[in-house]
>>> print(open('data_5.txt').read())   # compact mmCIF, C-alpha atoms and all ligand atoms
# COMPACT_ATOMS: atom_id res chain seq x y z
CA MET A 1 38.39 -14.40 -68.63
CA GLN A 2 38.31 -10.67 -67.96
CA GLU A 3 34.85 -10.51 -69.47
CA LYS A 4 33.68 -13.52 -67.49
CA VAL A 5 34.80 -11.80 -64.31
CA ASN A 6 33.02 -8.57 -65.19
CA THR A 7 29.68 -10.31 -65.87
CA LEU A 8 30.06 -12.32 -62.69
CA VAL A 9 30.62 -9.22 -60.60
CA LYS A 10 27.74 -7.39 -62.28
CA ASN A 11 25.37 -10.32 -61.59
CA ALA A 12 26.57 -10.67 -58.06
CA THR A 13 26.11 -6.93 -57.37
CA GLU A 14 22.53 -7.02 -58.72
CA LYS A 15 21.61 -10.14 -56.81
CA ILE A 16 23.05 -8.86 -53.56
CA GLU A 17 21.19 -5.58 -54.04
CA LYS A 18 17.90 -7.46 -54.53
CA ALA A 19 18.33 -9.84 -51.61
CA ASN A 20 15.59 -9.45 -48.99
CA ASN A 21 16.86 -11.46 -46.09
CA LEU A 22 19.92 -12.98 -44.47
CA ASN A 23 19.19 -16.44 -45.87
CA GLU A 24 19.29 -15.17 -49.43
CA LEU A 25 22.52 -13.33 -48.69
CA ASN A 26 24.05 -16.46 -47.27
CA ASP A 27 23.09 -18.42 -50.40
CA LEU A 28 24.81 -15.73 -52.50
CA ARG A 29 27.92 -15.91 -50.36
CA VAL A 30 28.08 -19.66 -50.97
CA LYS A 31 27.33 -19.17 -54.68
CA TYR A 32 30.21 -16.73 -55.24
CA LEU A 33 32.71 -17.10 -52.45
CA GLY A 34 32.06 -20.59 -51.13
CA LYS A 35 34.46 -23.50 -51.55
CA LYS A 36 32.80 -24.40 -54.82
CA GLY A 37 31.74 -20.84 -55.53
CA GLU A 38 32.20 -19.03 -58.82
CA ILE A 39 35.04 -16.75 -57.78
CA THR A 40 36.76 -19.63 -56.07
CA SER A 41 36.56 -21.81 -59.16
CA LEU A 42 37.88 -18.94 -61.30
CA LEU A 43 40.81 -18.63 -58.92
CA LYS A 44 41.36 -22.35 -59.26
CA SER A 45 41.30 -22.09 -63.08
CA LEU A 46 44.13 -19.50 -63.08
CA SER A 47 46.49 -22.34 -63.89
CA SER A 48 45.05 -22.40 -67.41
CA VAL A 49 45.85 -18.73 -67.92
CA SER A 50 49.10 -17.76 -69.58
CA LYS A 51 52.04 -17.10 -67.29
CA GLU A 52 52.13 -13.38 -68.19
CA GLU A 53 48.41 -12.89 -67.61
CA ARG A 54 48.27 -14.92 -64.39
CA PRO A 55 49.45 -12.35 -61.82
CA LYS A 56 47.24 -9.65 -63.29
CA MET A 57 44.20 -11.94 -63.30
CA GLY A 58 45.00 -13.21 -59.83
CA LYS A 59 45.13 -9.66 -58.51
CA LEU A 60 41.88 -8.79 -60.28
CA LEU A 61 40.09 -11.84 -58.92
CA ASN A 62 41.21 -11.08 -55.38
CA GLU A 63 40.05 -7.50 -55.75
CA LYS A 64 36.65 -8.64 -57.01
CA ARG A 65 36.48 -11.19 -54.26
CA ASN A 66 36.98 -8.43 -51.67
CA GLU A 67 34.47 -6.23 -53.47
CA ILE A 68 31.77 -8.91 -53.28
CA GLU A 69 32.67 -9.59 -49.68
CA LYS A 70 32.22 -5.89 -48.90
CA LEU A 71 28.86 -5.74 -50.69
CA LEU A 72 27.63 -8.77 -48.73
CA LYS A 73 28.72 -7.16 -45.48
CA GLN A 74 27.02 -3.86 -46.26
CA LYS A 75 23.79 -5.54 -47.29
CA THR A 76 23.83 -7.69 -44.14
CA GLN A 77 24.01 -4.51 -42.08
CA VAL A 78 21.14 -2.92 -44.02
CA ILE A 79 18.94 -5.99 -43.53
CA ASN A 80 19.74 -6.13 -39.80
CA GLU A 81 18.85 -2.47 -39.37
CA GLN A 82 15.59 -2.98 -41.25
CA LYS A 83 14.79 -5.90 -38.97
CA VAL A 84 15.26 -3.75 -35.85
CA GLU A 85 13.15 -0.93 -37.30
CA GLN A 86 10.40 -3.37 -38.20
CA LYS A 87 10.46 -4.80 -34.68
CA ILE A 88 10.25 -1.34 -33.10
CA LYS A 89 7.32 -0.51 -35.34
CA GLU A 90 5.47 -3.72 -34.49
CA GLU A 91 6.15 -3.55 -30.77
CA THR A 92 5.36 0.10 -30.17
CA ILE A 93 3.35 0.50 -26.96
CA ASP A 94 0.63 3.10 -27.01
CA VAL A 95 1.01 4.52 -23.54
CA THR A 96 -2.16 6.55 -23.91
CA ALA A 97 -4.35 3.50 -24.60
CA ASN A 98 -6.91 2.44 -21.94
CA ARG A 99 -5.68 5.15 -19.66
CA ASN A 100 -8.87 5.04 -17.62
CA LYS A 101 -8.74 1.31 -17.04
CA TYR A 102 -6.56 1.37 -13.91
CA THR A 103 -6.85 4.31 -11.57
CA GLN A 104 -4.98 4.73 -8.33
CA GLY A 105 -7.08 3.91 -5.30
CA HIS A 106 -6.63 5.05 -1.72
CA LEU A 107 -6.67 3.63 1.77
CA ASN A 108 -9.98 2.48 3.20
CA LEU A 109 -11.53 5.29 5.26
CA ILE A 110 -10.93 3.41 8.52
CA ASN A 111 -7.20 2.99 7.86
CA GLU A 112 -7.05 6.56 6.64
CA THR A 113 -8.64 7.77 9.90
CA MET A 114 -6.43 5.52 12.02
CA ARG A 115 -3.26 6.86 10.32
CA GLN A 116 -4.43 10.45 10.77
CA LEU A 117 -5.03 9.82 14.46
CA GLU A 118 -1.66 8.12 14.90
CA GLU A 119 0.11 10.96 13.12
CA LEU A 120 -1.64 13.49 15.32
CA PHE A 121 -0.68 11.76 18.56
CA LEU A 122 2.84 11.09 17.30
CA ASN A 123 3.21 14.84 16.80
CA MET A 124 1.98 15.38 20.35
CA GLY A 125 4.80 13.18 21.65
CA PHE A 126 2.95 9.88 22.14
CA ASP A 127 4.39 6.44 21.37
CA ILE A 128 2.49 4.15 19.02
CA VAL A 129 2.08 0.67 20.46
CA SER A 130 0.42 -2.42 19.02
CA GLY A 131 -1.34 -5.16 20.97
CA PRO A 132 -2.75 -8.60 20.10
CA GLU A 133 -6.35 -9.04 18.95
CA ILE A 134 -6.56 -12.24 21.01
CA ASP A 135 -5.85 -11.55 24.68
CA THR A 136 -6.42 -12.94 28.15
CA VAL A 137 -9.42 -12.36 30.43
CA GLU A 138 -6.87 -11.02 32.90
CA ASN A 139 -5.70 -8.24 30.54
CA CYS A 140 -9.14 -7.49 29.12
CA PHE A 141 -11.16 -7.55 32.37
CA ASP A 142 -9.53 -8.64 35.66
CA ASP A 143 -6.62 -6.20 35.81
CA LEU A 144 -8.84 -3.44 34.43
CA ASN A 145 -10.77 -3.65 37.71
CA SER A 146 -13.82 -5.08 35.99
CA PRO A 147 -16.14 -6.77 38.55
CA LYS A 148 -16.65 -10.53 38.00
CA ASN A 149 -20.33 -9.91 37.30
CA HIS A 150 -19.85 -7.01 34.85
CA PRO A 151 -22.25 -7.48 31.91
CA SER A 152 -19.48 -6.89 29.33
CA ARG A 153 -17.96 -10.23 30.45
CA ASP A 154 -21.06 -12.14 29.35
CA LEU A 155 -20.96 -14.52 26.40
CA THR A 156 -23.62 -12.31 24.89
CA ASP A 157 -21.12 -9.44 24.81
CA THR A 158 -17.65 -10.93 24.42
CA PHE A 159 -16.35 -13.71 22.14
CA TYR A 160 -14.56 -16.36 24.26
CA LEU A 161 -12.01 -18.69 22.65
CA ASP A 162 -11.81 -20.56 25.97
CA LYS A 163 -12.43 -19.73 29.63
CA ASN A 164 -9.43 -17.41 29.85
CA VAL A 165 -8.90 -16.20 26.29
CA VAL A 166 -11.07 -13.76 24.32
CA LEU A 167 -11.17 -11.73 21.12
CA ARG A 168 -10.42 -8.41 22.79
CA PRO A 169 -13.63 -6.40 23.29
CA HIS A 170 -11.68 -3.15 23.57
CA THR A 171 -8.14 -1.85 23.16
CA SER A 172 -7.95 -1.08 26.91
CA SER A 173 -6.12 -4.42 27.30
CA VAL A 174 -3.08 -2.76 25.71
CA GLN A 175 -3.00 -0.31 28.66
CA ILE A 176 -2.44 -3.25 31.00
CA ARG A 177 0.29 -4.75 28.81
CA VAL A 178 2.18 -1.45 28.65
CA MET A 179 1.80 -0.68 32.38
CA LYS A 180 3.02 -4.19 33.29
CA GLU A 181 6.19 -3.55 31.29
CA GLY A 182 6.84 -0.91 33.94
CA ASN A 183 8.65 1.76 31.91
CA LEU A 184 7.43 5.04 33.37
CA PRO A 185 6.35 7.65 32.43
CA ILE A 186 3.91 6.30 29.81
CA ARG A 187 2.47 8.28 26.94
CA MET A 188 1.04 5.92 24.35
CA VAL A 189 -1.72 5.28 21.84
CA SER A 190 -2.72 1.96 20.34
CA ALA A 191 -5.19 1.41 17.52
CA GLY A 192 -6.61 -1.78 16.08
CA ARG A 193 -9.47 -4.22 15.67
CA THR A 194 -11.88 -5.05 18.48
CA PHE A 195 -14.73 -7.57 18.68
CA ARG A 196 -18.13 -7.76 20.35
CA ASN A 197 -21.07 -10.06 20.07
CA ASP A 198 -23.25 -7.31 18.57
CA GLU A 199 -25.97 -7.52 15.92
CA VAL A 200 -25.11 -5.55 12.79
CA ASP A 201 -27.04 -2.29 12.45
CA ASP A 202 -26.30 1.22 11.25
CA THR A 203 -24.01 2.00 14.19
CA HIS A 204 -22.82 -1.50 15.26
CA SER A 205 -20.60 -4.18 13.79
CA PRO A 206 -19.20 -7.31 15.56
CA MET A 207 -15.75 -6.25 14.37
CA PHE A 208 -14.87 -2.60 14.73
CA HIS A 209 -11.88 -0.42 15.56
CA GLN A 210 -10.72 1.48 18.61
CA MET A 211 -7.83 3.67 19.57
CA GLU A 212 -6.65 3.67 23.16
CA CYS A 213 -4.70 6.44 24.81
CA LEU A 214 -2.85 6.19 28.13
CA VAL A 215 -0.72 8.67 30.05
CA VAL A 216 0.85 7.75 33.42
CA ASP A 217 3.21 10.09 35.21
CA GLU A 218 3.49 12.15 38.37
CA ASN A 219 0.91 14.95 38.68
CA VAL A 220 -1.28 13.96 35.72
CA SER A 221 -4.67 15.64 36.12
CA LEU A 222 -8.19 15.68 34.69
CA ALA A 223 -7.31 19.08 33.17
CA ASN A 224 -4.54 17.35 31.14
CA LEU A 225 -7.08 14.80 29.94
CA LYS A 226 -9.61 17.43 28.83
CA ASP A 227 -6.92 19.50 27.16
CA THR A 228 -5.53 16.53 25.22
CA ILE A 229 -9.00 15.51 24.04
CA ASN A 230 -9.88 19.07 23.00
CA ILE A 231 -6.66 19.43 21.00
CA PHE A 232 -7.15 16.18 19.14
CA ILE A 233 -10.86 16.77 18.45
CA LYS A 234 -10.20 20.23 17.00
CA ASN A 235 -7.36 18.89 14.88
CA MET A 236 -9.52 16.09 13.59
CA PHE A 237 -12.80 17.91 12.97
CA GLY A 238 -11.98 21.63 12.85
CA GLU A 239 -11.63 24.61 15.21
CA GLU A 240 -15.37 25.34 15.36
CA ILE A 241 -16.24 21.90 16.80
CA LYS A 242 -17.11 21.87 20.52
CA THR A 243 -16.76 18.98 22.96
CA ARG A 244 -19.12 17.93 25.75
CA PHE A 245 -17.95 15.87 28.76
CA ARG A 246 -20.67 13.79 30.47
CA PRO A 247 -20.16 11.84 33.72
CA HIS A 248 -20.22 8.09 33.16
CA TYR A 249 -19.07 4.82 34.72
CA PHE A 250 -16.18 2.63 33.63
CA PRO A 251 -14.60 0.11 36.03
CA PHE A 252 -11.07 1.15 35.07
CA THR A 253 -11.36 4.92 35.59
CA GLU A 254 -12.44 7.19 38.42
CA PRO A 255 -13.89 9.69 37.66
CA SER A 256 -15.12 8.48 34.25
CA LEU A 257 -16.68 10.44 31.43
CA GLU A 258 -18.06 10.14 27.94
CA VAL A 259 -17.31 12.69 25.27
CA ASP A 260 -19.54 14.00 22.48
CA VAL A 261 -18.74 16.56 19.78
CA THR A 262 -21.05 19.05 18.08
CA CYS A 263 -22.62 17.63 14.93
CA PRO A 264 -20.14 18.48 12.14
CA ILE A 265 -22.96 18.70 9.59
CA CYS A 266 -25.09 21.42 11.23
CA LYS A 267 -22.29 22.65 13.51
CA GLY A 268 -24.54 22.24 16.54
CA LYS A 269 -27.72 23.89 15.25
CA GLY A 270 -29.65 20.62 14.97
CA CYS A 271 -30.37 18.65 11.80
CA SER A 272 -31.71 15.26 10.70
CA ALA A 273 -28.23 13.67 10.96
CA CYS A 274 -28.08 14.42 14.71
CA ASN A 275 -31.80 13.97 15.44
CA ASN A 276 -31.98 17.71 16.04
CA THR A 277 -29.81 17.43 19.14
CA GLY A 278 -26.84 19.36 17.69
CA TRP A 279 -24.53 16.61 19.07
CA SER A 280 -23.00 13.63 17.30
CA MET A 281 -23.17 10.11 18.75
CA GLU A 282 -20.89 9.22 21.67
CA LEU A 283 -17.31 9.06 20.36
CA LEU A 284 -15.15 8.13 23.30
CA GLY A 285 -14.94 7.03 26.90
CA ALA A 286 -12.34 8.54 29.20
CA GLY A 287 -11.26 9.05 32.79
CA MET A 288 -8.50 9.09 35.38
CA VAL A 289 -6.90 5.65 35.68
CA HIS A 290 -8.37 3.85 38.72
CA PRO A 291 -5.76 3.35 41.50
CA ASN A 292 -6.64 -0.38 41.56
CA VAL A 293 -5.60 -0.65 37.90
CA LEU A 294 -2.26 1.04 38.58
CA GLU A 295 -1.66 -1.27 41.56
CA ASN A 296 -2.70 -4.38 39.54
CA CYS A 297 0.15 -3.49 37.17
CA GLY A 298 2.69 -2.86 39.92
CA ILE A 299 2.59 0.95 39.75
CA ASP A 300 2.58 2.99 42.98
CA SER A 301 -0.79 4.79 42.91
CA GLU A 302 0.32 7.19 45.66
CA LYS A 303 3.10 8.50 43.47
CA TYR A 304 1.64 8.16 39.99
CA THR A 305 -1.64 9.19 38.39
CA GLY A 306 -2.84 8.73 34.87
CA PHE A 307 -5.55 9.45 32.37
CA ALA A 308 -6.89 7.20 29.62
CA PHE A 309 -9.42 7.26 26.86
CA GLY A 310 -10.67 4.90 24.20
CA MET A 311 -12.44 5.97 21.04
CA GLY A 312 -14.36 4.26 18.30
CA VAL A 313 -12.30 4.81 15.14
CA ASP A 314 -15.25 3.82 12.94
CA ARG A 315 -17.43 6.40 14.64
CA ILE A 316 -14.75 9.07 14.26
CA ALA A 317 -14.62 8.20 10.53
CA MET A 318 -18.44 8.37 10.31
CA VAL A 319 -18.51 11.83 11.89
CA LYS A 320 -15.55 13.05 9.87
CA TYR A 321 -16.94 11.89 6.52
CA GLY A 322 -20.61 12.53 7.35
CA LEU A 323 -21.74 8.87 7.09
CA ASP A 324 -25.02 7.66 8.56
CA ASP A 325 -24.31 3.91 8.35
CA ILE A 326 -21.23 2.05 9.67
CA ARG A 327 -21.77 -0.71 7.08
CA LEU A 328 -20.64 1.66 4.32
CA LEU A 329 -17.14 1.39 5.78
CA TYR A 330 -17.08 -2.39 5.35
CA ASP A 331 -19.02 -3.00 2.13
CA ASN A 332 -16.09 -1.86 -0.04
CA ASP A 333 -18.49 -0.58 -2.68
CA LYS A 334 -16.26 1.21 -5.21
CA ARG A 335 -19.00 3.76 -6.02
CA PHE A 336 -19.02 4.80 -2.36
CA LEU A 337 -15.24 4.73 -1.82
CA GLU A 338 -14.56 6.74 -4.96
CA GLN A 339 -16.29 9.75 -3.40
CA PHE A 340 -13.42 10.32 -0.98
N1 LIG B 401 -12.84 0.55 26.87
C1 LIG B 401 -13.98 1.42 26.79
C2 LIG B 401 -14.99 0.87 25.80
O1 LIG B 401 -14.64 0.06 25.01
C3 LIG B 401 -13.61 2.80 26.37
C4 LIG B 401 -12.77 3.49 27.39
C5 LIG B 401 -13.35 4.19 28.42
C6 LIG B 401 -11.40 3.43 27.33
C7 LIG B 401 -12.61 4.84 29.37
C8 LIG B 401 -10.63 4.06 28.29
C9 LIG B 401 -11.27 4.76 29.31
O2 LIG B 401 -9.31 4.05 28.25
O3 LIG B 401 -10.49 5.41 30.22
O4 LIG B 401 -16.12 1.26 25.82
>>> encode(input="data_5.txt", output="structure tokens", more="lines below")
Ligand code: DAH
Amino acid sequence: MQEKVNTLVKNATEKIEKANNLNELNDLRVKYLGKKGEITSLLKSLSSVSKEERPKMGKLLNEKRNEIEKLLKQKTQVINEQKVEQKIKEETIDVTANRNKYTQGHLNLINETMRQLEELFLNMGFDIVSGPEIDTVENCFDDLNSPKNHPSRDLTDTFYLDKNVVLRPHTSSVQIRVMKEGNLPIRMVSAGRTFRNDEVDDTHSPMFHQMECLVVDENVSLANLKDTINIFIKNMFGEEIKTRFRPHYFPFTEPSLEVDVTCPICKGKGCSACNNTGWSMELLGAGMVHPNVLENCGIDSEKYTGFAFGMGVDRIAMVKYGLDDIRLLYDNDKRFLEQF
């Protein structure tokens, strides 16, 4: 019997050593240690061994049983570790692969410009306010002191949703909303989309962007207006840029002016981009808030004065980035956008 046991253990050790997977190991466990396994049946056959030999053989068989058990356990661990290693090898991710496939983009130039402007005015102590893109004729025209026959009210200029509701043709309507809230003093800017019934060309688009600025307080003067505009223009375009204030007419301001800046490409010398004038296209309209507008919003025009201006954000972006066509801002051509 001793010999039988030794051969059995030798065979078992070899087979366990050779096993390649958990299924094979399980079969071996059944073969040797299972209910009808070889060690088990040897244990059962102890009864046929002589009384003197029996305890010795019993002890031996139990020892061998434990030995095989231990071998099976060790091999199971080895196979499991190999499985994990194999998996890691197969699933390795090459983080350097296709590294040029996805590159980080950036904000569209209009949003970029709008954020820069907001940041600038925020630093100057202004509040940032938002207003609706669909607004009433009252807020967009009537309360802004716009005469009933003003050409900007025409269907050819403004998109009407019905008789009293329009796609706002300018952000000046937000001035009215803020003034009607009645919290004085006011120091606010508001940027967003505006709409006009314009044909698309290199400087026009039916949807464009404006930023409105409004200050209402006691003793606000034209000097404050000019100073504020000069500070923001220099911050936006550089110290060497000059501004030019031209008299103009707007129904909601008195006096009213338009503002140009020196061409940022030739710095005012004259070049093809500015038609040799040395000045960029008109960037903003401005003025002292008309007393009628203050009164329409319930503000005492004897006590309070204000200044306001509205600028074309798209035009600011065009001047800042040296673009000669507004459509470039809307085409979303990656080859163009990637240059900035
Ligand atoms: N709303 C004017 C426009 O769209 C721009 C403007 C002019 C805004 C004078 C103002 C202002 O606030 O005071 O052309």
>>> atom_distance(input="data_5.txt", atom1="CA of Arg177 in chain A", atom2="atom O2 of ligand LIG 401 (chain B)")
13.0 Å
>>> residues_near_ligand(input="data_5.txt", ligand="ligand LIG 401 (chain B)", cutoff="8 Å", atoms="all atoms listed in the file", output="JSON, numbers by chain")
{"A": [169, 170, 171, 172, 175, 210, 212, 213, 214, 250, 252, 253, 256, 257, 258, 284, 285, 286, 287, 288, 289, 307, 308, 309, 310, 311, 312]}
>>> atom_distance(input="data_5.txt", atom1="CA of Gly238 in chain A", atom2="CA of Met124 in chain A")
17.0 Å
>>> residues_around(input="data_5.txt", residues="range 4-19 of chain A", least_positions_apart="3", cutoff="9 Å", atoms="all atoms listed in the file", output="PDB file with C-alpha atoms, keeping the file's coordinate frame")
ATOM      1  CA  MET A   1      38.390 -14.400 -68.630  1.00  0.00           C
ATOM      2  CA  LEU A  22      19.920 -12.980 -44.470  1.00  0.00           C
ATOM      3  CA  ASN A  23      19.190 -16.440 -45.870  1.00  0.00           C
ATOM      4  CA  GLU A  24      19.290 -15.170 -49.430  1.00  0.00           C
ATOM      5  CA  LEU A  25      22.520 -13.330 -48.690  1.00  0.00           C
ATOM      6  CA  LEU A  28      24.810 -15.730 -52.500  1.00  0.00           C
ATOM      7  CA  TYR A  32      30.210 -16.730 -55.240  1.00  0.00           C
ATOM      8  CA  GLU A  38      32.200 -19.030 -58.820  1.00  0.00           C
ATOM      9  CA  ILE A  39      35.040 -16.750 -57.780  1.00  0.00           C
ATOM     10  CA  LEU A  42      37.880 -18.940 -61.300  1.00  0.00           C
ATOM     11  CA  LEU A  60      41.880  -8.790 -60.280  1.00  0.00           C
ATOM     12  CA  LEU A  61      40.090 -11.840 -58.920  1.00  0.00           C
ATOM     13  CA  LYS A  64      36.650  -8.640 -57.010  1.00  0.00           C
ATOM     14  CA  ARG A  65      36.480 -11.190 -54.260  1.00  0.00           C
ATOM     15  CA  GLU A  67      34.470  -6.230 -53.470  1.00  0.00           C
ATOM     16  CA  ILE A  68      31.770  -8.910 -53.280  1.00  0.00           C
ATOM     17  CA  LEU A  71      28.860  -5.740 -50.690  1.00  0.00           C
ATOM     18  CA  LEU A  72      27.630  -8.770 -48.730  1.00  0.00           C
ATOM     19  CA  LYS A  75      23.790  -5.540 -47.290  1.00  0.00           C
ATOM     20  CA  ILE A  79      18.940  -5.990 -43.530  1.00  0.00           C
TER      21      ILE A  79
END
>>> closest_residue(input="data_5.txt", among="A:Glu199, A:Glu52, A:Asp94, A:Glu218", to="Glu302 in chain A", atoms="only C-alpha atoms")
A:Glu218
>>> decode(input="data_5.txt", residues="range 306-328 of chain A", atoms="N, CA and C atoms", output="PDB file, in the first residue's frame")
ATOM      1  N   GLY A 306     -27.759 110.405 -17.159  1.00  0.00           N
ATOM      2  CA  GLY A 306     -27.145 109.109 -17.454  1.00  0.00           C
ATOM      3  C   GLY A 306     -26.447 109.128 -18.798  1.00  0.00           C
ATOM      4  N   PHE A 307     -25.526 108.193 -18.972  1.00  0.00           N
ATOM      5  CA  PHE A 307     -24.978 107.996 -20.318  1.00  0.00           C
ATOM      6  C   PHE A 307     -25.197 106.554 -20.730  1.00  0.00           C
ATOM      7  N   ALA A 308     -25.175 106.322 -22.047  1.00  0.00           N
ATOM      8  CA  ALA A 308     -25.389 104.967 -22.555  1.00  0.00           C
ATOM      9  C   ALA A 308     -24.589 104.792 -23.825  1.00  0.00           C
ATOM     10  N   PHE A 309     -24.203 103.589 -24.086  1.00  0.00           N
ATOM     11  CA  PHE A 309     -23.678 103.282 -25.424  1.00  0.00           C
ATOM     12  C   PHE A 309     -23.966 101.833 -25.790  1.00  0.00           C
ATOM     13  N   GLY A 310     -23.977 101.589 -27.095  1.00  0.00           N
ATOM     14  CA  GLY A 310     -24.241 100.247 -27.589  1.00  0.00           C
ATOM     15  C   GLY A 310     -23.224  99.953 -28.668  1.00  0.00           C
ATOM     16  N   MET A 311     -22.583  98.790 -28.573  1.00  0.00           N
ATOM     17  CA  MET A 311     -21.548  98.495 -29.578  1.00  0.00           C
ATOM     18  C   MET A 311     -21.826  97.183 -30.285  1.00  0.00           C
ATOM     19  N   GLY A 312     -21.327  97.093 -31.495  1.00  0.00           N
ATOM     20  CA  GLY A 312     -21.437  95.853 -32.249  1.00  0.00           C
ATOM     21  C   GLY A 312     -20.302  94.931 -31.843  1.00  0.00           C
ATOM     22  N   VAL A 313     -20.661  93.827 -31.153  1.00  0.00           N
ATOM     23  CA  VAL A 313     -19.619  92.904 -30.672  1.00  0.00           C
ATOM     24  C   VAL A 313     -18.890  92.260 -31.856  1.00  0.00           C
ATOM     25  N   ASP A 314     -19.661  91.951 -32.918  1.00  0.00           N
ATOM     26  CA  ASP A 314     -19.047  91.319 -34.093  1.00  0.00           C
ATOM     27  C   ASP A 314     -18.010  92.253 -34.717  1.00  0.00           C
ATOM     28  N   ARG A 315     -18.354  93.533 -34.739  1.00  0.00           N
ATOM     29  CA  ARG A 315     -17.429  94.503 -35.333  1.00  0.00           C
ATOM     30  C   ARG A 315     -16.183  94.670 -34.474  1.00  0.00           C
ATOM     31  N   ILE A 316     -16.400  94.655 -33.150  1.00  0.00           N
ATOM     32  CA  ILE A 316     -15.247  94.731 -32.234  1.00  0.00           C
ATOM     33  C   ILE A 316     -14.319  93.532 -32.505  1.00  0.00           C
ATOM     34  N   ALA A 317     -14.944  92.346 -32.661  1.00  0.00           N
ATOM     35  CA  ALA A 317     -14.145  91.130 -32.918  1.00  0.00           C
ATOM     36  C   ALA A 317     -13.403  91.267 -34.251  1.00  0.00           C
ATOM     37  N   MET A 318     -14.096  91.825 -35.263  1.00  0.00           N
ATOM     38  CA  MET A 318     -13.458  91.978 -36.588  1.00  0.00           C
ATOM     39  C   MET A 318     -12.232  92.892 -36.495  1.00  0.00           C
ATOM     40  N   VAL A 319     -12.396  94.000 -35.762  1.00  0.00           N
ATOM     41  CA  VAL A 319     -11.273  94.935 -35.634  1.00  0.00           C
ATOM     42  C   VAL A 319     -10.152  94.295 -34.815  1.00  0.00           C
ATOM     43  N   LYS A 320     -10.551  93.631 -33.739  1.00  0.00           N
ATOM     44  CA  LYS A 320      -9.542  93.036 -32.847  1.00  0.00           C
ATOM     45  C   LYS A 320      -8.725  91.957 -33.562  1.00  0.00           C
ATOM     46  N   TYR A 321      -9.426  91.117 -34.355  1.00  0.00           N
ATOM     47  CA  TYR A 321      -8.714  90.005 -34.990  1.00  0.00           C
ATOM     48  C   TYR A 321      -8.334  90.294 -36.448  1.00  0.00           C
ATOM     49  N   GLY A 322      -8.576  91.535 -36.887  1.00  0.00           N
ATOM     50  CA  GLY A 322      -8.171  91.924 -38.244  1.00  0.00           C
ATOM     51  C   GLY A 322      -8.939  91.187 -39.334  1.00  0.00           C
ATOM     52  N   LEU A 323     -10.252  91.029 -39.188  1.00  0.00           N
ATOM     53  CA  LEU A 323     -11.055  90.300 -40.181  1.00  0.00           C
ATOM     54  C   LEU A 323     -11.722  91.289 -41.133  1.00  0.00           C
ATOM     55  N   ASP A 324     -11.835  90.911 -42.419  1.00  0.00           N
ATOM     56  CA  ASP A 324     -12.470  91.825 -43.361  1.00  0.00           C
ATOM     57  C   ASP A 324     -13.864  91.349 -43.760  1.00  0.00           C
ATOM     58  N   ASP A 325     -14.356  90.254 -43.151  1.00  0.00           N
ATOM     59  CA  ASP A 325     -15.669  89.735 -43.534  1.00  0.00           C
ATOM     60  C   ASP A 325     -16.362  89.132 -42.303  1.00  0.00           C
ATOM     61  N   ILE A 326     -17.541  89.671 -41.976  1.00  0.00           N
ATOM     62  CA  ILE A 326     -18.264  89.225 -40.770  1.00  0.00           C
ATOM     63  C   ILE A 326     -18.659  87.750 -40.876  1.00  0.00           C
ATOM     64  N   ARG A 327     -18.833  87.273 -42.127  1.00  0.00           N
ATOM     65  CA  ARG A 327     -19.283  85.889 -42.325  1.00  0.00           C
ATOM     66  C   ARG A 327     -18.290  84.869 -41.777  1.00  0.00           C
ATOM     67  N   LEU A 328     -17.014  85.257 -41.712  1.00  0.00           N
ATOM     68  CA  LEU A 328     -15.996  84.347 -41.167  1.00  0.00           C
ATOM     69  C   LEU A 328     -16.328  83.949 -39.732  1.00  0.00           C
TER      70      LEU A 328
END
